[in-house]
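Worksheet for the structure shown next.
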Amino acid sequence: MWTILQIELFKIFRRPRTYIAFVAISAIVLLIQLALYVDGNSYLNFVIQGLTQNFEVNGTILNGYFVCYFILQTLLIHVPLLIALVAGDMIAGEANMGTLRILITKPVSRTRLMFCKFLAALIYTLLLLVWMALLSLFCSLLIFGKGDLLILKSDNAVILSSTDIMWRYAAAFAFAAIAMSAVAALAFLLSIFAENSIGPIVATMSIVIVFTILSTMDIPFFKNIRPYLFTAHMLGWKGFFSDPVNYKMIGKSAAILMLHIVVFVGSAMAIFRRKDILS
Amino acid sequence: MEVINVRSLSKHFKDIKAVENLSFSVNEADVYGFLGQNGAGKSTTIRMLLTLIEPTHGSIEIFGKDLNSHRASILREVGAVIERPDLYKYLTAFENLSIFARLSEAKLNKSQLMEQLDMVGLAARAHSKVHTFSQGMKQRLGLAVALVHNPKLIMLDEPTNGLDPQGIADIRKLILFLSREKKKTILVSSHLLSEIEQIATRMLIIDRGKKIVEGDVKELFDPSRMLIDLKTTDNSEAISKIAVTRWNEFVQTANEKSIVFKMKQDIVPQLSRALIEMNIEILSIQPRHSLEEYFLSLTSANSHVDHSSN
C-alpha cells in the first residue's frame with residue numbers, strides 16, 4: 001500500500017496544477033499582510049469604532065494573531081475550491097487521460113487503489129493547510145509581532161491573552177483539516193462519476209455554495225435541516241476562539257464532519273469496486 | 001495448455017448486447033487473433049478479460065484459475081495495451097515505466113528499466129515528457145509498460161491504430177519476436193484481416209458480440225480449401241438435415257441467410273449430390289475466393305439481418 005501511496009503522491013506533486021493552490025494561497029496571504037501592514041491601523045480604527053465609544057482600547061491590536069485570524073476568516077471559505085481542484089481530479093483526471101484503465105489492469109485491488117488515492121488527496125489537503133498556517137500565522141507573527149487577540153463578534157467582543165492563543169490556532173487548524181478533508185472526500189466521491197475533472201470540481205463547489213447558503217438562511221425549514229449539512233459545521237474552528245470554549249459543540253461538529261468523510265469515501269469505494277471502466 | 005478459457009461470456013449495457021454467449025480458448029504460445037469490425041465487441045471482451053468490465057454472464061479462466069477469485073495473481077502475469085496507449089503526459093517515459101513497473105510488482109533497477117525502453121527504441125528519449133511524443137512513440141512506450149514485468153500473457157487491443165506503415169511493421173515485428181523468441185501467449189485484436197493473417201496462429205471472428213468462426217489461421221487461409229456458400233429455399237431445414245450427416249464437419253457457419261462450407265475443391269461435386277439426395281432445394285451454391293471476402297460477407301450478412309429485423 002505504501003508503494004501505491006508513494007506513486008499517487010509523486011503524480012500529484014509532479015503536476016503543475018497542484019501548485020496553483022499553494023501559489024494562490026501565498027499570493028492572497030501576502031497581499032492581505034501587505035495591505036494590513038500599510039493601512040491596517042485605519043482599518044482597525046474603523047472596525048472597532050463602536051467599541052471605542054464605550055471602552056478604552058490599549059495595546060497593539062494589529063498583531064500577528066489578529067492578522068492570522070483575519071486571514072483564516074477570509075480564506076477558509078475559498079480553500080474548498082483549491083482542494084476540489086486536486087481531489088476532484090483523482091479518478092476523473094485518470095479517466096480523462098486514459099490511465100485509469102491501465103491502473104485497473106495492474107495487480108492492485110480497486111479498494112486499495114481508491115484508499116491510497118484518497119490518502120494522497122488528504123495529504124495534499126493537510127500540506128495546503130500547513131502551508132497556510134506557516135504563512136498566515138508564523139509570517140504574520142514575524143511581520144506584526146505578538147499581542148493579545150481581539151475578536152469582534154456580532155454581539156460581543158472577545159479578548160484573548162497572547163499566552164493563551166497558540167494552542168487555539170493549533171486546534172483551529174486541526175479542525176479546519178477535518179472540515180477540508182470532508183470537502184476532499186466529497187470531491188473524491190464525485191470524481192468517480194466523471195471522465196473529466198471539471199465536472200467534479202464544479203459540482204463540489206456548487207454543493208458547498210448551495211449548502212452554505214442553506215446553512216445561513218434563517219427560514220425555519222432550513223434551520224431544521226442545518227444540523228445535517230456538513231457546511232454548517234465547517235466553520236467550527238472559530239469555536240476555539242470563544243472564552244470559554246464550547247468543546248461539546250466543537251466535538252459534535254467534528255464528529256459530523258468525520259461521519260461525512262466516512263460516508264463519502266465509503267460510498268466512493270463501494271461504487272468504484274463494481275464500476276465498469278469504459279474510458 | 002489453455003491460457004485463456006472463456007465460456008458463455010455476455011455483456012449487456014442496458015438494452016445493448018455488446019457481447020453475447022461468447023466462448024473461446026487461447027493456448028499457450030498462441031498468437032490469437034481477435035478479428036471483427038469496429039463495434040463488434042472485441043474491446044469489451046478484452047476489457048472483461050482484464051477486469052475493467054464485469055461480465056453480465058459467463059466465466060473467464062486464465063492460467064486455469066477463475067479470474068474473479070484470483071484477480072491479483074492472474075494480473076501479475078498479464079500485460080496489456082488497451083486501445084490508445086494513454087500514459088501520464090506530464091511525466092517522462094522513464095517515470096511512466098517506473099510507476100507501472102512498481103504497480104506490477106516488478107523490482108527493476110534503473111538500468112533494467114532503460115533496457116526495456118531500449119527494446120522499444122525509446123532509450124534516447126527516456127527523460128523526455130510523454131506529451132512531446134508522437135503517436136508511434138506513445139504506442140511503443142505503451143508496449144514497454146505492458147511488458148515491463150515480463151508477463152506470460154499479453155493482450156493488445158488494436159495495437160496498430162493510428163500508426164504509420166513503419167510503426168505498424170515495427171509492432172508486427174515485436175509481436176512475432178515476443179511469440180517466437182520469448183514464447184509469450186498473445187491475444188491481439190484488430191479490425192484488419194491482413195494484420196491478423198500475418199501474425200496470428202489461431203483466430204476468432206466476432207461480429208455484433210457473437211462468435212462467427214474460430215480456428216487455426218493456416219487452416220482458415222489454406223488455399224487448397226475453399227469456402228462454399230450455399231443458399232436454399234429453407235436454410236433452417238437444410239441446417240438440421242446437414243447436421244446429422246458427415247457434411248456437418250465441413251460447415252463453417254450456418255444461419256438463415258447462408259450456410260458456408262470449407263472443403264477441398266474436388267469434393268464439392270459430392271456435396272452437391274448429397275444435398276440433392278437430402279431433398280434440399282438449392283437456390284445457389286458458389287465459391288468464395290478469400291477469407292477477406294468471407295469475413296466481409298459474414299459481417300455484412302449479419303448487419304443485413306439486423307437492419308431488416310429493425
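By convention in this document, the chains of the C-alpha cells carry letters A, B, ... by their order, each chain's residues are numbered from 1, and ligands are numbered from 1 in the order they are shown.
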
Problem set entry | alpha helix (DSSP H) per DSSP on the backbone: members of range 10-215 of chain B, as a count of residues only | 70

Exercise. Could you list, as a count of residues only, every residue of chain A that has an atom within 12 Å of an atom of chain B, counting only C-alpha atoms?
Worked result: 45

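Close contacts of Arg172 in chain B, defined as residues with an atom at most 10 Å away when counting only C-alpha atoms, with chain neighbours fewer than 2 positions off set aside, comprise Pro159, Thr160, Gln166, Gly167, Ile168, Ala169, Asp170, Leu174, Ile175, Leu176, Phe177, Leu178, Glu195, Ile196, Gln198 and Ile199 of chain B.
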
Range 127-223 of chain A residues near range 75-82 of chain A within 12 Å, closest pair each, using only C-alpha atoms, as CSV:
residue,atom,partner,partner_atom,distance
A:Leu128,CA,A:Val79,CA,8.9
A:Leu129,CA,A:Val79,CA,9.0
A:Met132,CA,A:Leu75,CA,9.2
A:Ala133,CA,A:Leu76,CA,11.3
A:Ser136,CA,A:Leu75,CA,10.0
A:Ala172,CA,A:Leu76,CA,11.1
A:Phe173,CA,A:Leu76,CA,10.2
A:Phe175,CA,A:Leu76,CA,11.4
A:Ala176,CA,A:Leu76,CA,7.9
A:Ala177,CA,A:Leu76,CA,10.4
A:Ile178,CA,A:Pro80,CA,11.9
A:Ala179,CA,A:Pro80,CA,9.2
A:Met180,CA,A:Pro80,CA,6.4
A:Ser181,CA,A:Pro80,CA,9.2
A:Ala182,CA,A:Pro80,CA,9.4
A:Val183,CA,A:Pro80,CA,6.2
A:Ala184,CA,A:Pro80,CA,7.7
A:Ala185,CA,A:Pro80,CA,10.9
A:Leu186,CA,A:Pro80,CA,10.3
A:Ala187,CA,A:Pro80,CA,9.4
A:Ile198,CA,A:Leu81,CA,11.5
A:Pro200,CA,A:Leu81,CA,10.8
A:Ile201,CA,A:Leu81,CA,7.3
A:Val202,CA,A:Leu81,CA,8.6
A:Ala203,CA,A:Leu81,CA,10.5
A:Thr204,CA,A:Leu81,CA,8.0
A:Met205,CA,A:Leu81,CA,6.2
A:Ser206,CA,A:Leu81,CA,10.0
A:Ile207,CA,A:Pro80,CA,10.8
A:Val208,CA,A:Pro80,CA,8.1
A:Ile209,CA,A:Ile77,CA,9.5
A:Thr212,CA,A:Ile77,CA,9.6

Just C-alpha atoms for this one: save the residues we selected as a PDB file, in the first residue's frame.
ATOM      1  CA  LEU A 128      -2.030  23.028   1.924  1.00  0.00           C
ATOM      2  CA  LEU A 129      -3.276  23.852   5.421  1.00  0.00           C
ATOM      3  CA  MET A 132      -1.454  28.309   5.010  1.00  0.00           C
ATOM      4  CA  ALA A 133      -0.613  28.106   8.730  1.00  0.00           C
ATOM      5  CA  SER A 136      -0.725  33.265   7.884  1.00  0.00           C
ATOM      6  CA  ALA A 172      -8.331  25.527  14.832  1.00  0.00           C
ATOM      7  CA  PHE A 173      -6.022  24.262  12.082  1.00  0.00           C
ATOM      8  CA  PHE A 175     -10.406  21.305  12.964  1.00  0.00           C
ATOM      9  CA  ALA A 176     -10.005  23.025   9.589  1.00  0.00           C
ATOM     10  CA  ALA A 177      -8.130  19.926   8.417  1.00  0.00           C
ATOM     11  CA  ILE A 178     -11.182  17.791   9.240  1.00  0.00           C
ATOM     12  CA  ALA A 179     -13.508  20.269   7.516  1.00  0.00           C
ATOM     13  CA  MET A 180     -11.340  20.451   4.400  1.00  0.00           C
ATOM     14  CA  SER A 181     -10.998  16.660   4.363  1.00  0.00           C
ATOM     15  CA  ALA A 182     -14.798  16.466   4.180  1.00  0.00           C
ATOM     16  CA  VAL A 183     -14.662  18.674   1.080  1.00  0.00           C
ATOM     17  CA  ALA A 184     -11.874  16.490  -0.348  1.00  0.00           C
ATOM     18  CA  ALA A 185     -13.985  13.385   0.320  1.00  0.00           C
ATOM     19  CA  LEU A 186     -16.984  14.922  -1.458  1.00  0.00           C
ATOM     20  CA  ALA A 187     -14.875  15.897  -4.496  1.00  0.00           C
ATOM     21  CA  ILE A 198     -14.052  19.956 -14.410  1.00  0.00           C
ATOM     22  CA  PRO A 200     -16.465  17.081 -10.034  1.00  0.00           C
ATOM     23  CA  ILE A 201     -14.697  20.377  -9.240  1.00  0.00           C
ATOM     24  CA  VAL A 202     -17.705  22.473 -10.306  1.00  0.00           C
ATOM     25  CA  ALA A 203     -20.149  20.044  -8.663  1.00  0.00           C
ATOM     26  CA  THR A 204     -18.211  20.127  -5.362  1.00  0.00           C
ATOM     27  CA  MET A 205     -18.150  23.902  -5.316  1.00  0.00           C
ATOM     28  CA  SER A 206     -21.834  24.089  -6.245  1.00  0.00           C
ATOM     29  CA  ILE A 207     -22.731  21.759  -3.376  1.00  0.00           C
ATOM     30  CA  VAL A 208     -20.553  23.707  -0.918  1.00  0.00           C
ATOM     31  CA  ILE A 209     -22.060  27.038  -2.042  1.00  0.00           C
ATOM     32  CA  THR A 212     -23.549  27.184   2.802  1.00  0.00           C
TER      33      THR A 212
END

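Nearest residue to Ile280 in chain B, choosing from B:Arg208, B:His57, B:Lys241, B:Lys262 and counting only C-alpha atoms: B:Lys241.
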
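The gap separating CA of Ile261 in chain A from CA of Ala84 in chain A is 14.1 Å, in Å to one decimal.
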
For this session: From the DSSP assignment of the backbone, select every residue of range 57-228 of chain B that is strand (DSSP E), and format the answer as JSON, numbers by chain.
Result: {"B": [57, 58, 59, 60, 61, 62, 65, 66, 78, 79, 80, 81, 82, 153, 154, 155, 156, 157, 185, 186, 187, 188, 189, 190, 202, 203, 204, 205, 206, 207, 210, 211, 212, 213, 214, 215, 216, 225, 226, 227, 228]}

Exercise. Can you list, as a PyMOL selection string, every protein, DNA or RNA residue that comes within 6 Å of range 36-40 of chain B when you count only C-alpha atoms, leaving out same-chain residues fewer than 4 positions away?
Worked result: chain B and resi 191+205-209

Exercise. Excluding same-chain residues fewer than 4 positions from Glu115 in chain B, what lies within 12 Å of it counting only C-alpha atoms, as a PyMOL selection string?
Worked result: chain B and resi 94+97+108-111+119-124+126+144+147-148

For this session: Quick one: everything within 12 Å of Glu61 in chain B, counting only C-alpha atoms, minus sequence neighbours fewer than 2 positions away in the same chain. Send it as a list of chain:residue names.
Result: B:Glu2, B:Val3, B:Ile4, B:Asn5, B:Val6, B:Arg7, B:Ser8, B:Leu9, B:Ser23, B:Phe24, B:Ser25, B:Val26, B:Met48, B:Leu49, B:Leu50, B:Thr51, B:Gly58, B:Ser59, B:Phe63, B:Gly64, B:Lys65, B:Asp66, B:Leu67, B:Asn68, B:Ser69, B:His70, B:Arg71, B:Ile74, B:Leu75

Can I get the selected residues back with N, CA, C and O atoms, as a compact mmCIF listing (two decimals), in the first residue's frame?
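Resulting contents of again-v9.txt:
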# COMPACT_ATOMS: atom_id res chain seq x y z
N GLU B 2 -4.26 -24.62 -21.90
CA GLU B 2 -5.11 -23.45 -22.16
C GLU B 2 -4.71 -22.30 -21.25
O GLU B 2 -4.67 -22.45 -20.03
N VAL B 3 -4.39 -21.17 -21.84
CA VAL B 3 -4.05 -19.99 -21.04
C VAL B 3 -5.32 -19.19 -20.73
O VAL B 3 -5.52 -18.73 -19.61
N ILE B 4 -6.17 -19.07 -21.74
CA ILE B 4 -7.46 -18.38 -21.52
C ILE B 4 -8.58 -19.36 -21.87
O ILE B 4 -8.51 -20.02 -22.92
N ASN B 5 -9.56 -19.41 -21.03
CA ASN B 5 -10.74 -20.22 -21.33
C ASN B 5 -11.98 -19.39 -21.00
O ASN B 5 -12.25 -19.11 -19.83
N VAL B 6 -12.67 -18.99 -22.04
CA VAL B 6 -13.86 -18.14 -21.87
C VAL B 6 -15.09 -18.98 -22.19
O VAL B 6 -15.13 -19.64 -23.23
N ARG B 7 -16.05 -18.97 -21.27
CA ARG B 7 -17.26 -19.77 -21.51
C ARG B 7 -18.52 -18.93 -21.37
O ARG B 7 -18.73 -18.26 -20.35
N SER B 8 -19.32 -18.95 -22.44
CA SER B 8 -20.65 -18.29 -22.47
C SER B 8 -20.61 -16.86 -21.94
O SER B 8 -21.46 -16.45 -21.14
N LEU B 9 -19.63 -16.12 -22.37
CA LEU B 9 -19.44 -14.76 -21.86
C LEU B 9 -20.42 -13.79 -22.52
O LEU B 9 -20.53 -13.76 -23.75
N SER B 23 -17.72 -17.97 -26.42
CA SER B 23 -16.82 -18.98 -25.82
C SER B 23 -15.61 -19.14 -26.73
O SER B 23 -15.76 -19.20 -27.95
N PHE B 24 -14.44 -19.14 -26.15
CA PHE B 24 -13.22 -19.43 -26.91
C PHE B 24 -12.09 -19.77 -25.96
O PHE B 24 -12.20 -19.54 -24.75
N SER B 25 -11.05 -20.34 -26.51
CA SER B 25 -9.89 -20.63 -25.66
C SER B 25 -8.61 -20.29 -26.39
O SER B 25 -8.52 -20.38 -27.62
N VAL B 26 -7.63 -19.85 -25.62
CA VAL B 26 -6.32 -19.48 -26.17
C VAL B 26 -5.28 -20.39 -25.54
O VAL B 26 -5.24 -20.52 -24.31
N MET B 48 -13.21 -7.25 -20.35
CA MET B 48 -13.69 -8.23 -19.36
C MET B 48 -12.55 -9.14 -18.93
O MET B 48 -12.46 -9.52 -17.77
N LEU B 49 -11.67 -9.48 -19.88
CA LEU B 49 -10.53 -10.34 -19.55
C LEU B 49 -9.55 -9.63 -18.62
O LEU B 49 -8.76 -10.26 -17.93
N LEU B 50 -9.61 -8.29 -18.63
CA LEU B 50 -8.68 -7.51 -17.80
C LEU B 50 -9.35 -6.94 -16.55
O LEU B 50 -8.78 -6.08 -15.88
N THR B 51 -10.56 -7.38 -16.28
CA THR B 51 -11.35 -6.96 -15.11
C THR B 51 -11.75 -5.48 -15.13
O THR B 51 -12.10 -4.91 -14.10
N GLY B 58 -21.45 -15.60 -17.69
CA GLY B 58 -20.31 -16.35 -18.21
C GLY B 58 -19.13 -16.39 -17.25
O GLY B 58 -19.14 -15.76 -16.19
N SER B 59 -18.13 -17.17 -17.65
CA SER B 59 -16.95 -17.32 -16.78
C SER B 59 -15.66 -17.14 -17.59
O SER B 59 -15.62 -17.40 -18.79
N PHE B 63 -4.90 -18.92 -16.96
CA PHE B 63 -3.89 -19.82 -16.34
C PHE B 63 -4.59 -20.87 -15.47
O PHE B 63 -4.09 -21.24 -14.40
N GLY B 64 -5.78 -21.30 -15.88
CA GLY B 64 -6.51 -22.34 -15.16
C GLY B 64 -7.18 -21.87 -13.89
O GLY B 64 -7.73 -22.68 -13.14
N LYS B 65 -7.16 -20.55 -13.64
CA LYS B 65 -7.77 -20.02 -12.41
C LYS B 65 -8.92 -19.08 -12.75
O LYS B 65 -8.85 -18.37 -13.77
N ASP B 66 -9.92 -19.07 -11.90
CA ASP B 66 -11.06 -18.18 -12.12
C ASP B 66 -10.61 -16.72 -11.94
O ASP B 66 -10.02 -16.38 -10.91
N LEU B 67 -10.92 -15.91 -12.94
CA LEU B 67 -10.44 -14.52 -12.92
C LEU B 67 -11.01 -13.73 -11.75
O LEU B 67 -10.31 -12.92 -11.14
N ASN B 68 -12.25 -14.01 -11.42
CA ASN B 68 -12.90 -13.27 -10.34
C ASN B 68 -12.22 -13.49 -9.00
O ASN B 68 -11.96 -12.55 -8.26
N SER B 69 -11.93 -14.76 -8.71
CA SER B 69 -11.40 -15.07 -7.38
C SER B 69 -9.87 -15.02 -7.30
O SER B 69 -9.32 -15.07 -6.21
N HIS B 70 -9.19 -14.96 -8.46
CA HIS B 70 -7.72 -14.90 -8.43
C HIS B 70 -7.21 -13.69 -9.22
O HIS B 70 -6.18 -13.77 -9.90
N ARG B 71 -7.93 -12.61 -9.13
CA ARG B 71 -7.64 -11.43 -9.95
C ARG B 71 -6.18 -10.99 -9.87
O ARG B 71 -5.50 -10.87 -10.89
N ILE B 74 -3.48 -13.41 -11.21
CA ILE B 74 -3.56 -13.53 -12.68
C ILE B 74 -2.99 -12.27 -13.34
O ILE B 74 -2.15 -12.35 -14.24
N LEU B 75 -3.43 -11.10 -12.86
CA LEU B 75 -2.99 -9.85 -13.49
C LEU B 75 -1.48 -9.62 -13.33
O LEU B 75 -0.88 -8.87 -14.11

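The gap separating CA of Val31 in chain B from CA of Val251 in chain B is 24.5 Å, in Å to one decimal.
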